[in-house]
$ cat final.cif   # mmCIF, C-alpha atoms and all ligand atoms
data_model
loop_
_atom_site.label_atom_id
_atom_site.label_comp_id
_atom_site.auth_asym_id
_atom_site.auth_seq_id
_atom_site.Cartn_x
_atom_site.Cartn_y
_atom_site.Cartn_z
CA MET A 1 -13.14 16.68 3.20
CA ALA A 2 -11.07 16.27 0.04
CA ARG A 3 -8.69 13.35 0.23
CA ARG A 4 -5.32 13.77 -1.43
CA PRO A 5 -4.67 10.77 -3.67
CA LEU A 6 -1.77 8.46 -2.81
CA VAL A 7 0.09 6.38 -5.38
CA ALA A 8 2.59 3.90 -3.98
CA GLY A 9 4.91 1.61 -5.93
CA ASN A 10 5.67 -1.73 -4.32
CA TRP A 11 8.92 -2.99 -5.76
CA LYS A 12 8.64 -6.38 -4.03
CA MET A 13 11.87 -8.37 -4.41
CA HIS A 14 13.30 -6.13 -7.10
CA LYS A 15 16.20 -3.67 -7.26
CA THR A 16 19.54 -3.37 -5.53
CA GLY A 17 20.73 -0.14 -3.93
CA ALA A 18 22.45 0.93 -7.15
CA GLU A 19 19.29 0.22 -9.13
CA ALA A 20 17.24 2.16 -6.60
CA ARG A 21 19.55 5.15 -6.98
CA ALA A 22 19.23 5.09 -10.78
CA TYR A 23 15.45 4.73 -10.50
CA ALA A 24 15.24 7.69 -8.11
CA ALA A 25 17.22 9.93 -10.43
CA GLU A 26 15.01 9.00 -13.36
CA LEU A 27 11.70 9.32 -11.51
CA ARG A 28 12.71 12.66 -10.00
CA ALA A 29 13.54 13.96 -13.46
CA LEU A 30 10.27 12.63 -14.91
CA LEU A 31 8.09 14.12 -12.19
CA GLY A 32 9.91 17.43 -12.23
CA ARG A 33 10.30 19.95 -9.45
CA GLY A 34 7.63 21.41 -7.27
CA PRO A 35 4.80 19.84 -5.32
CA LEU A 36 3.04 16.79 -6.71
CA VAL A 37 -0.72 16.69 -6.78
CA PRO A 38 -0.96 13.10 -5.54
CA GLU A 39 1.23 11.91 -2.72
CA VAL A 40 3.79 9.51 -4.17
CA ALA A 41 5.71 6.74 -2.42
CA VAL A 42 7.96 3.83 -3.35
CA CYS A 43 8.51 0.65 -1.34
CA PRO A 44 11.98 -0.77 -1.97
CA PRO A 45 13.27 -3.99 -0.39
CA PHE A 46 14.99 -3.56 2.99
CA THR A 47 18.47 -3.68 1.50
CA ALA A 48 17.77 -0.67 -0.73
CA LEU A 49 15.77 1.31 1.82
CA ALA A 50 18.50 3.62 3.11
CA THR A 51 19.90 4.22 -0.37
CA ALA A 52 16.44 5.01 -1.73
CA ALA A 53 15.66 7.33 1.20
CA GLU A 54 18.90 9.20 0.49
CA ALA A 55 18.28 9.29 -3.26
CA PHE A 56 14.73 10.67 -2.83
CA ASP A 57 15.75 13.10 -0.08
CA GLY A 58 14.52 16.61 -0.81
CA SER A 59 11.89 15.32 -3.25
CA ALA A 60 8.16 14.93 -2.65
CA ILE A 61 8.49 11.14 -2.97
CA ALA A 62 8.27 9.14 0.23
CA VAL A 63 10.08 5.87 0.88
CA LEU A 64 8.23 3.07 2.68
CA ALA A 65 9.26 -0.42 3.76
CA GLN A 66 7.37 -3.46 2.49
CA ALA A 67 6.95 -5.14 5.87
CA LEU A 68 8.18 -5.10 9.45
CA HIS A 69 8.32 -7.23 12.58
CA GLU A 70 6.29 -6.22 15.63
CA ALA A 71 9.06 -6.63 18.21
CA PRO A 72 11.30 -3.63 18.93
CA GLN A 73 14.36 -5.91 18.80
CA GLY A 74 15.37 -9.44 19.72
CA ALA A 75 16.09 -12.92 18.46
CA HIS A 76 14.16 -12.73 15.17
CA THR A 77 16.58 -13.79 12.48
CA GLY A 78 15.95 -12.09 9.16
CA GLU A 79 13.38 -9.65 10.53
CA ILE A 80 13.43 -5.84 10.67
CA SER A 81 11.90 -3.59 13.33
CA ALA A 82 9.95 -0.36 12.91
CA ALA A 83 12.79 1.60 14.51
CA MET A 84 15.27 0.14 12.00
CA ILE A 85 13.00 1.19 9.14
CA ALA A 86 12.72 4.71 10.53
CA ALA A 87 16.48 4.90 11.10
CA ALA A 88 17.03 3.93 7.46
CA GLY A 89 15.13 7.08 6.49
CA ALA A 90 11.81 5.51 5.52
CA THR A 91 8.66 7.25 6.71
CA GLY A 92 6.25 4.36 6.58
CA ALA A 93 5.57 0.72 5.77
CA LEU A 94 3.17 -1.62 4.05
CA VAL A 95 1.51 -3.97 6.52
CA GLY A 96 -0.31 -7.20 5.74
CA HIS A 97 0.46 -7.50 2.04
CA SER A 98 -1.18 -10.66 0.71
CA GLU A 99 2.19 -12.10 -0.32
CA ARG A 100 3.30 -11.80 3.34
CA ARG A 101 0.03 -13.26 4.57
CA ALA A 102 0.45 -16.16 2.11
CA ALA A 103 3.91 -16.74 3.59
CA GLY A 104 2.35 -17.16 7.04
CA GLU A 105 1.69 -13.70 8.47
CA THR A 106 -1.41 -14.02 10.66
CA ASP A 107 -4.15 -11.49 11.39
CA GLU A 108 -2.70 -11.12 14.89
CA GLN A 109 0.74 -10.34 13.49
CA VAL A 110 -0.73 -7.88 11.02
CA ALA A 111 -2.43 -6.04 13.89
CA ALA A 112 0.70 -6.07 16.06
CA ARG A 113 2.85 -4.87 13.18
CA LEU A 114 0.42 -2.11 12.32
CA ARG A 115 0.53 -0.92 15.94
CA ALA A 116 4.34 -1.17 16.09
CA ALA A 117 4.68 0.92 12.93
CA LEU A 118 2.35 3.66 14.17
CA ASP A 119 4.08 3.69 17.56
CA ALA A 120 7.43 4.23 15.84
CA GLY A 121 6.04 7.22 13.96
CA LEU A 122 5.71 5.42 10.65
CA ASP A 123 2.77 5.87 8.28
CA VAL A 124 1.06 2.66 7.26
CA ILE A 125 -0.60 1.25 4.18
CA LEU A 126 -2.64 -1.68 5.46
CA CYS A 127 -3.38 -4.26 2.76
CA VAL A 128 -6.55 -6.34 2.66
CA GLY A 129 -8.14 -8.46 -0.04
CA GLU A 130 -9.93 -11.68 -0.85
CA SER A 131 -8.87 -14.77 -2.77
CA LEU A 132 -10.68 -15.97 -5.89
CA GLU A 133 -12.25 -18.83 -3.89
CA LEU A 134 -13.73 -16.40 -1.38
CA ARG A 135 -15.03 -14.12 -4.12
CA GLU A 136 -16.64 -17.01 -5.98
CA ALA A 137 -18.20 -18.22 -2.73
CA GLY A 138 -19.74 -14.78 -2.19
CA GLU A 139 -17.65 -14.23 0.94
CA THR A 140 -15.79 -11.08 -0.11
CA ARG A 141 -17.62 -8.59 2.13
CA LEU A 142 -17.45 -10.79 5.18
CA TRP A 143 -13.77 -11.53 4.64
CA LEU A 144 -12.84 -7.87 4.23
CA ALA A 145 -14.85 -6.95 7.32
CA ARG A 146 -13.01 -9.61 9.31
CA GLN A 147 -9.56 -8.54 8.13
CA LEU A 148 -10.40 -4.91 8.89
CA ALA A 149 -11.91 -5.61 12.30
CA SER A 150 -8.80 -7.49 13.33
CA ALA A 151 -6.28 -4.90 12.12
CA LEU A 152 -8.22 -1.75 12.98
CA GLY A 153 -8.79 -3.03 16.49
CA VAL A 154 -5.38 -1.59 17.35
CA VAL A 155 -5.91 1.80 15.71
CA ALA A 156 -7.18 4.81 17.62
CA GLU A 157 -9.60 7.43 16.41
CA GLY A 158 -7.64 10.23 14.75
CA GLU A 159 -4.95 7.90 13.39
CA GLU A 160 -6.64 7.74 9.96
CA ARG A 161 -4.36 10.58 8.90
CA ARG A 162 -1.35 8.22 9.16
CA LEU A 163 -3.09 5.21 7.74
CA ALA A 164 -4.23 4.25 4.28
CA ILE A 165 -5.93 0.99 3.38
CA ALA A 166 -5.13 -0.79 0.14
CA TYR A 167 -7.85 -3.09 -1.17
CA GLU A 168 -6.04 -5.67 -3.26
CA PRO A 169 -8.05 -8.62 -4.54
CA ILE A 170 -5.50 -11.45 -4.50
CA TRP A 171 -6.76 -12.75 -7.85
CA ALA A 172 -5.80 -9.43 -9.44
CA ILE A 173 -2.26 -9.19 -8.05
CA GLY A 174 0.40 -9.81 -10.66
CA THR A 175 -2.11 -11.60 -12.88
CA GLY A 176 -2.96 -8.88 -15.35
CA ARG A 177 -6.57 -9.53 -14.34
CA THR A 178 -7.65 -6.18 -12.91
CA ALA A 179 -10.93 -5.83 -11.07
CA THR A 180 -13.47 -3.95 -13.17
CA PRO A 181 -13.96 -0.39 -11.96
CA GLN A 182 -17.43 -1.38 -10.64
CA THR A 183 -16.10 -4.41 -8.76
CA ALA A 184 -13.30 -2.29 -7.31
CA GLN A 185 -15.70 0.50 -6.34
CA GLU A 186 -18.08 -1.89 -4.57
CA ALA A 187 -15.26 -3.31 -2.47
CA LEU A 188 -13.69 0.09 -1.80
CA ALA A 189 -17.03 1.50 -0.62
CA HIS A 190 -17.46 -1.52 1.63
CA VAL A 191 -13.97 -1.03 3.08
CA ARG A 192 -14.75 2.63 3.76
CA ALA A 193 -18.05 1.76 5.43
CA VAL A 194 -16.48 -0.91 7.64
CA ALA A 195 -13.47 1.24 8.56
CA GLY A 196 -15.83 4.16 9.11
CA ALA A 197 -17.31 2.43 12.12
CA LYS A 198 -13.99 2.94 13.86
CA LEU A 199 -12.26 5.82 12.07
CA ASP A 200 -13.28 8.94 10.19
CA GLY A 201 -14.18 7.28 6.89
CA THR A 202 -14.32 10.59 5.04
CA ALA A 203 -10.66 11.31 5.88
CA LEU A 204 -9.34 7.78 5.36
CA ARG A 205 -7.60 7.07 2.07
CA ILE A 206 -8.45 3.79 0.39
CA LEU A 207 -6.34 2.58 -2.51
CA TYR A 208 -6.98 -0.03 -5.16
CA GLY A 209 -4.22 -2.51 -5.94
CA GLY A 210 -3.94 -5.41 -8.36
CA SER A 211 -2.57 -5.17 -11.90
CA VAL A 212 -2.85 -1.38 -12.05
CA THR A 213 -1.21 -0.13 -15.27
CA PRO A 214 -0.93 3.22 -17.07
CA ASP A 215 -3.84 2.03 -19.25
CA ASN A 216 -6.36 1.25 -16.52
CA ALA A 217 -5.23 3.61 -13.73
CA ALA A 218 -7.37 6.62 -14.66
CA GLU A 219 -10.60 4.66 -14.83
CA LEU A 220 -9.92 2.83 -11.56
CA MET A 221 -8.90 5.98 -9.72
CA ALA A 222 -11.95 7.84 -11.01
CA GLN A 223 -14.15 5.65 -8.80
CA PRO A 224 -15.63 7.69 -5.95
CA ASP A 225 -14.01 5.60 -3.21
CA ALA A 226 -10.62 5.13 -4.88
CA ASP A 227 -8.08 7.51 -3.37
CA GLY A 228 -5.13 6.20 -5.30
CA ALA A 229 -3.34 2.97 -6.08
CA LEU A 230 -0.83 0.47 -4.79
CA VAL A 231 1.13 -0.61 -7.84
CA GLY A 232 3.44 -3.59 -8.16
CA GLY A 233 4.79 -4.60 -11.56
CA ALA A 234 3.93 -1.35 -13.32
CA SER A 235 5.90 0.67 -10.76
CA LEU A 236 9.23 -0.95 -11.63
CA GLU A 237 9.84 1.29 -14.64
CA PRO A 238 9.96 5.00 -13.73
CA ALA A 239 8.14 6.08 -16.90
CA SER A 240 5.24 3.70 -16.38
CA PHE A 241 4.99 4.68 -12.69
CA ARG A 242 5.03 8.35 -13.71
CA ASP A 243 2.11 7.71 -16.06
CA ILE A 244 0.10 6.17 -13.22
CA VAL A 245 0.93 9.15 -10.96
CA ARG A 246 -0.30 11.42 -13.76
CA ALA A 247 -3.51 9.45 -14.06
CA ALA A 248 -4.14 10.09 -10.37
P1 LIG A 301 0.67 -5.78 -9.16
O1 LIG A 301 0.94 -5.87 -7.58
O2 LIG A 301 0.42 -4.33 -9.48
O3 LIG A 301 1.92 -6.31 -9.79
O4 LIG A 301 -0.54 -6.61 -9.42
C1 LIG A 301 0.20 -5.08 -6.69
C2 LIG A 301 0.63 -5.37 -5.27
O5 LIG A 301 0.89 -6.53 -4.94
O6 LIG A 301 0.73 -4.44 -4.44
#

$ encode --input "final.cif" --output "structure tokens" --more "lines below"
Ligand code: PGA
Amino acid sequence: MARRPLVAGNWKMHKTGAEARAYAAELRALLGRGPLVPEVAVCPPFTALATAAEAFDGSAIAVLAQALHEAPQGAHTGEISAAMIAAAGATGALVGHSERRAAGETDEQVAARLRAALDAGLDVILCVGESLELREAGETRLWLARQLASALGVVAEGEERRLAIAYEPIWAIGTGRTATPQTAQEALAHVRAVAGAKLDGTALRILYGGSVTPDNAAELMAQPDADGALVGGASLEPASFRDIVRAA
């Protein structure tokens, strides 16, 4: 089964609503009309979500949230529910980004948030990845298997169509130190094999993330198990993001 590539831009804590609107106009113009070969998504901060969803309306570009809380509502100051994300016009969310995990998000929360997103009808990009310490200790495969077992425990067979997994080595995020294509491919193949025990691995999209740029995107995405990219810094400028979409 051919997997359609997915390229998602994670804006992190960048861009106001007005900036999101300007970005959308520019990216839409750069990508032109008509269907895109890869699926394309952007992940604005919560405060720009509704504006971005409106500004990308009618385009082939999806808008996803960067995170969510697992509860449907309640006394969770500063948090956002899956229903709120959907009501803002977003169609999905990142779950378990390493910057969220570093800020205290546990494996249990990642699993609960993944389930809450799917239950609300949102698509999910689940993020996994190892630290430099784990890689140097030779623990990468075990670590990825553990993160996947915990999160995918809440996913049902058949849900791989609404789920993508982003493999993002933490040491490559925002560091300019990209994994080599071979290192990325080894980890991506491992992720597919582990996830394949639970889901249809041939249908599941697995993305590489970590210092993806217009210069390295084509080589990374040419790896047999790379079905696209999750891009941080290089997605903030529409022209550079467009070049990465083209590479896919
Ligand atoms: P980066 O971020 O492309 O800036 O390394 C990737 C990510 O955190 O998703």

$ closest_atom_pairs --input "final.cif" --of "chain A" --to "ligand LIG 301 (chain A)" --cutoff "8 Å" --atoms "all atoms listed in the file" --output "tab-separated table"
residue	atom	partner	partner_atom	distance
A:Gly9	CA	A:LIG301	O6	7.5
A:Asn10	CA	A:LIG301	O6	5.6
A:Lys12	CA	A:LIG301	O5	7.8
A:His97	CA	A:LIG301	O5	7.1
A:Ser98	CA	A:LIG301	O5	7.3
A:Glu99	CA	A:LIG301	O5	7.4
A:Glu168	CA	A:LIG301	C2	7.0
A:Ala172	CA	A:LIG301	O4	6.0
A:Ile173	CA	A:LIG301	O4	3.4
A:Gly174	CA	A:LIG301	O4	3.6
A:Thr175	CA	A:LIG301	O4	6.3
A:Gly176	CA	A:LIG301	O4	6.8
A:Thr178	CA	A:LIG301	O4	7.9
A:Gly209	CA	A:LIG301	C1	5.2
A:Gly210	CA	A:LIG301	O4	3.8
A:Ser211	CA	A:LIG301	O4	3.5
A:Val212	CA	A:LIG301	O2	5.1
A:Thr213	CA	A:LIG301	O2	7.3
A:Leu230	CA	A:LIG301	O6	5.2
A:Val231	CA	A:LIG301	O2	4.1
A:Gly232	CA	A:LIG301	O2	3.4
A:Gly233	CA	A:LIG301	O3	3.8
A:Ala234	CA	A:LIG301	O2	6.0
A:Ser235	CA	A:LIG301	O2	7.5

$ residues_around --input "final.cif" --residues "range 55-58 of chain A" --least-positions-apart "3" --cutoff "10 Å" --atoms "all atoms listed in the file" --output "mmCIF file with C-alpha atoms, in the frame of the given file"
data_model
loop_
_atom_site.group_PDB
_atom_site.id
_atom_site.type_symbol
_atom_site.label_atom_id
_atom_site.label_comp_id
_atom_site.auth_asym_id
_atom_site.auth_seq_id
_atom_site.Cartn_x
_atom_site.Cartn_y
_atom_site.Cartn_z
ATOM 1 C CA GLY A 17 20.730 -0.140 -3.930
ATOM 2 C CA ALA A 20 17.240 2.160 -6.600
ATOM 3 C CA ARG A 21 19.550 5.150 -6.980
ATOM 4 C CA ALA A 22 19.230 5.090 -10.780
ATOM 5 C CA TYR A 23 15.450 4.730 -10.500
ATOM 6 C CA ALA A 24 15.240 7.690 -8.110
ATOM 7 C CA ALA A 25 17.220 9.930 -10.430
ATOM 8 C CA LEU A 27 11.700 9.320 -11.510
ATOM 9 C CA ARG A 28 12.710 12.660 -10.000
ATOM 10 C CA ALA A 41 5.710 6.740 -2.420
ATOM 11 C CA VAL A 42 7.960 3.830 -3.350
ATOM 12 C CA LEU A 49 15.770 1.310 1.820
ATOM 13 C CA ALA A 50 18.500 3.620 3.110
ATOM 14 C CA THR A 51 19.900 4.220 -0.370
ATOM 15 C CA ALA A 52 16.440 5.010 -1.730
ATOM 16 C CA ILE A 61 8.490 11.140 -2.970
ATOM 17 C CA ALA A 62 8.270 9.140 0.230
ATOM 18 C CA VAL A 63 10.080 5.870 0.880
ATOM 19 C CA GLY A 89 15.130 7.080 6.490
#

$ closest_residue --input "final.cif" --among "A:Asp227, A:Leu30, A:Leu236, A:Ala53" --to "Met13 in chain A" --atoms "only C-alpha atoms"
A:Leu236

$ residues_around --input "final.cif" --residues "Leu134 in chain A" --least-positions-apart "6" --cutoff "12 Å" --atoms "all atoms listed in the file" --output "list in words"
Thr140, Arg141, Leu142, Trp143, Leu144, Pro169, Ile170 and Trp171 of chain A

$ closest_residue --input "final.cif" --among "A:Ile85, A:Ala166, A:Leu188, A:Leu152" --to "Leu126 in chain A" --atoms "only C-alpha atoms"
A:Ala166

$ residues_near_point --input "final.cif" --point "(-12.5, -4.8, 11.7)" --cutoff "12 Å" --atoms "all atoms listed in the file" --output "PyMOL selection string"
chain A and resi 107+111+128+141-155+190-199

$ closest_residue --input "final.cif" --among "A:Val245, A:Leu207, A:Ala222, A:Leu122" --to "Gly92 in chain A" --atoms "only C-alpha atoms"
A:Leu122

$ atom_distance --input "final.cif" --atom1 "CA of Thr16 in chain A" --atom2 "CA of Ala48 in chain A"
5.8 Å

$ closest_residue --input "final.cif" --among "A:Gly201, A:Gly158, A:Pro38, A:Gly96" --to "Ala8 in chain A" --atoms "all atoms listed in the file"
A:Pro38

$ closest_residue --input "final.cif" --among "A:Ala120, A:Leu114, A:Ala218, A:Ala229" --to "Arg246 in chain A" --atoms "only C-alpha atoms"
A:Ala218

$ closest_residue --input "final.cif" --among "A:Glu237, A:Arg242, A:Glu136, A:Gly121" --to "Trp11 in chain A" --atoms "all atoms listed in the file"
A:Glu237

$ atom_distance --input "final.cif" --atom1 "CA of Asp200 in chain A" --atom2 "CA of Val40 in chain A"
22.3 Å

$ atom_distance --input "final.cif" --atom1 "CA of Asp123 in chain A" --atom2 "CA of Glu54 in chain A"
18.2 Å
